Amino acid sequence: MSSLHVGRDRHGTAIEDDCACVKADCGLVDGGKVHPGCDQHPYQLAKTLRQIHHADKCPELTDGAWAALLLETLDPVIAYMEATDEEDWQIDTVRSADGTTNCFFGHLFSMGGTDARGNALWDLFESSWASTYRLYPINDGTSSSYPQPTPKQRILAFLKDLNTGSVLTTPQQMEEDYNHWLAEENRSAGVHTI
Ligand SMILES: [Zn+2]
Ligand SMILES: [Zn+2]
């Protein structure tokens, strides 16, 4: 759930500039990080807030920050994919004629609404959840872990597993591989010192 950005004046941030609360990029106070000692913004003081918007609607929000808010969990992506028609899924690894979209990632890109946000979503999904390398076989139906009959059903099953943590995200997988490698290194180093 995204937090609120709040300001006491109808315009500008003169009051916010002088208080101890944490500010968002727009200069308003981050409603989730109000300073308890502030005499303007704590909700208990019940002072009128004349500017207010959700963090994900902040005019200063960058495409990357927007994507980060959206991908805190996979709930929004799952809801979007569930609402996508079965017929709109590309089967096999076929790419669209212009070569830019493909299966699940094509839908994720569209979810961005603009090219910049589509790219930001795609990049962040790959770096923080799972790479194309893992998604393509599931979409294609060549992954034995996801035998569902349609690409939509396979992708949804995988997204739900990722979301609940029953499969590792790509960064978690990399960390596990690294720890495994470290353990192996230590073991062979141990052998050599005998
Ligand atoms: Zn304040
Ligand atoms: Zn804002």
# chains A, B, ... in the order shown; residues from 1 in each chain; ligands from 1
>>> select_by_dssp(residues="chain A", states="alpha helix (DSSP H)", output="JSON, numbers by chain")
{"A": [14, 15, 16, 17, 63, 64, 65, 66, 67, 68, 69, 70, 75, 76, 77, 78, 79, 80, 81, 82, 103, 104, 105, 106, 107, 108, 109, 110, 111, 115, 116, 117, 118, 119, 120, 121, 122, 123, 124, 125, 126, 127, 128, 132, 133, 134, 135, 136, 137, 138, 139, 140, 151, 152, 153, 154, 155, 156, 157, 158, 159, 160, 161, 162, 163, 164, 170, 171, 172, 173, 174, 175, 176, 177, 178, 179, 180, 181, 182, 183, 184, 185, 186, 187, 188, 189, 190, 191, 192, 193]}
>>> residues_around(residues="A:Thr169", least_positions_apart="6", cutoff="12 Å", atoms="only C-alpha atoms", output="ChimeraX atom specification")
/A:73-74,125-131,134-135,158-163,175-176
>>> write_last_selection(atoms="C-alpha atoms", output="compact mmCIF listing (two decimals), in the first residue's frame")
# COMPACT_ATOMS: atom_id res chain seq x y z
CA THR A 73 4.79 -7.52 -4.12
CA LEU A 74 3.55 -9.35 -7.22
CA PHE A 125 11.02 -7.40 -12.63
CA GLU A 126 14.08 -9.09 -14.11
CA SER A 127 16.50 -7.77 -11.49
CA SER A 128 14.32 -8.17 -8.40
CA TRP A 129 11.98 -11.09 -9.20
CA ALA A 130 12.91 -13.37 -12.07
CA SER A 131 14.81 -13.15 -15.34
CA ARG A 134 13.47 -18.46 -16.09
CA LEU A 135 10.22 -17.13 -17.54
CA PHE A 158 4.80 -19.32 -11.26
CA LEU A 159 4.03 -15.71 -10.25
CA LYS A 160 2.01 -16.96 -7.27
CA ASP A 161 4.89 -19.23 -6.22
CA LEU A 162 7.31 -16.32 -6.49
CA ASN A 163 4.96 -14.03 -4.58
CA GLU A 175 22.86 -15.51 -3.19
CA GLU A 176 22.23 -19.19 -2.57
>>> residues_near_ligand(ligand="ligand 2", cutoff="9 Å", atoms="only C-alpha atoms and all ligand atoms", output="list of chain:residue names")
A:Leu4, A:His5, A:Val6, A:Lys23, A:Ala24, A:Asp25, A:Cys26, A:Gly27, A:Leu28, A:Val29, A:Asp30, A:Ile52, A:His53, A:His54, A:Ala55, A:Asp56, A:Lys57, A:Cys58, A:Pro59, A:Glu60, A:Leu61
>>> select_by_dssp(residues="chain A", states="strand (DSSP E)", output="PyMOL selection string")
chain A and resi 4-7+29-30+51-54
>>> closest_atom_pairs(of="chain A", to="ligand 1", cutoff="8 Å", atoms="only C-alpha atoms and all ligand atoms", output="CSV")
residue,atom,partner,partner_atom_place_in_ligand_line,distance
A:Ile15,CA,ligand 1,1 (Zn),7.7
A:Glu16,CA,ligand 1,1 (Zn),5.8
A:Asp18,CA,ligand 1,1 (Zn),7.8
A:Cys19,CA,ligand 1,1 (Zn),4.5
A:Ala20,CA,ligand 1,1 (Zn),5.5
A:Cys21,CA,ligand 1,1 (Zn),4.3
A:Val22,CA,ligand 1,1 (Zn),7.6
A:Val29,CA,ligand 1,1 (Zn),6.5
A:Val34,CA,ligand 1,1 (Zn),6.0
A:His35,CA,ligand 1,1 (Zn),6.1
A:Cys38,CA,ligand 1,1 (Zn),4.7
A:Asp39,CA,ligand 1,1 (Zn),6.7
A:Gln40,CA,ligand 1,1 (Zn),5.2
A:His41,CA,ligand 1,1 (Zn),4.5
A:Pro42,CA,ligand 1,1 (Zn),7.1
>>> write_last_selection(atoms="N, CA and C atoms", output="compact mmCIF listing (two decimals), in the first residue's frame")
# COMPACT_ATOMS: atom_id res chain seq x y z
N ILE A 15 5.82 25.39 4.84
CA ILE A 15 5.68 24.79 6.17
C ILE A 15 6.53 23.52 6.27
N GLU A 16 6.48 22.72 5.21
CA GLU A 16 7.22 21.46 5.20
C GLU A 16 8.74 21.69 5.22
N ASP A 18 10.41 23.65 6.81
CA ASP A 18 10.93 23.96 8.15
C ASP A 18 10.66 22.89 9.20
N CYS A 19 10.10 21.76 8.83
CA CYS A 19 9.79 20.79 9.87
C CYS A 19 10.68 19.56 9.80
N ALA A 20 10.61 18.73 10.83
CA ALA A 20 11.54 17.62 10.97
C ALA A 20 11.05 16.33 10.30
N CYS A 21 9.86 16.37 9.70
CA CYS A 21 9.34 15.16 9.05
C CYS A 21 10.18 14.81 7.82
N VAL A 22 10.12 13.54 7.40
CA VAL A 22 10.81 13.11 6.19
C VAL A 22 10.02 13.60 4.97
N VAL A 29 5.48 16.17 2.91
CA VAL A 29 5.85 15.21 3.94
C VAL A 29 5.39 13.81 3.54
N VAL A 34 6.19 10.75 9.41
CA VAL A 34 5.97 12.00 10.14
C VAL A 34 6.80 11.99 11.42
N HIS A 35 7.45 13.12 11.73
CA HIS A 35 8.24 13.21 12.96
C HIS A 35 7.29 13.46 14.14
N CYS A 38 6.99 17.05 15.41
CA CYS A 38 6.55 18.12 14.51
C CYS A 38 5.23 18.70 15.02
N ASP A 39 5.08 20.04 14.94
CA ASP A 39 3.84 20.64 15.44
C ASP A 39 2.84 20.90 14.31
N GLN A 40 3.10 20.32 13.12
CA GLN A 40 2.22 20.53 11.97
C GLN A 40 1.56 19.27 11.42
N HIS A 41 2.35 18.19 11.29
CA HIS A 41 1.88 17.06 10.49
C HIS A 41 1.36 15.82 11.22
N PRO A 42 1.73 15.60 12.50
CA PRO A 42 1.19 14.38 13.15
C PRO A 42 -0.34 14.35 13.08
>>> residues_around(residues="A:Leu108", least_positions_apart="6", cutoff="8 Å", atoms="only C-alpha atoms", output="list in words")
Val77, Gly118, Leu121 and Trp122 of chain A
>>> write_last_selection(atoms="C-alpha atoms", output="short mmCIF file (atom, residue, chain, number, x, y, z; two decimals), in the first residue's frame")
data_model
loop_
_atom_site.label_atom_id
_atom_site.label_comp_id
_atom_site.auth_asym_id
_atom_site.auth_seq_id
_atom_site.Cartn_x
_atom_site.Cartn_y
_atom_site.Cartn_z
CA VAL A 77 1.10 -8.10 -11.68
CA GLY A 118 7.07 -0.43 -19.43
CA LEU A 121 8.82 -2.49 -15.01
CA TRP A 122 10.52 -5.06 -17.22
#
>>> closest_residue(among="A:Leu182, A:Leu168, A:Ala65, A:Cys103", to="A:Ala116", atoms="only C-alpha atoms")
A:Ala65
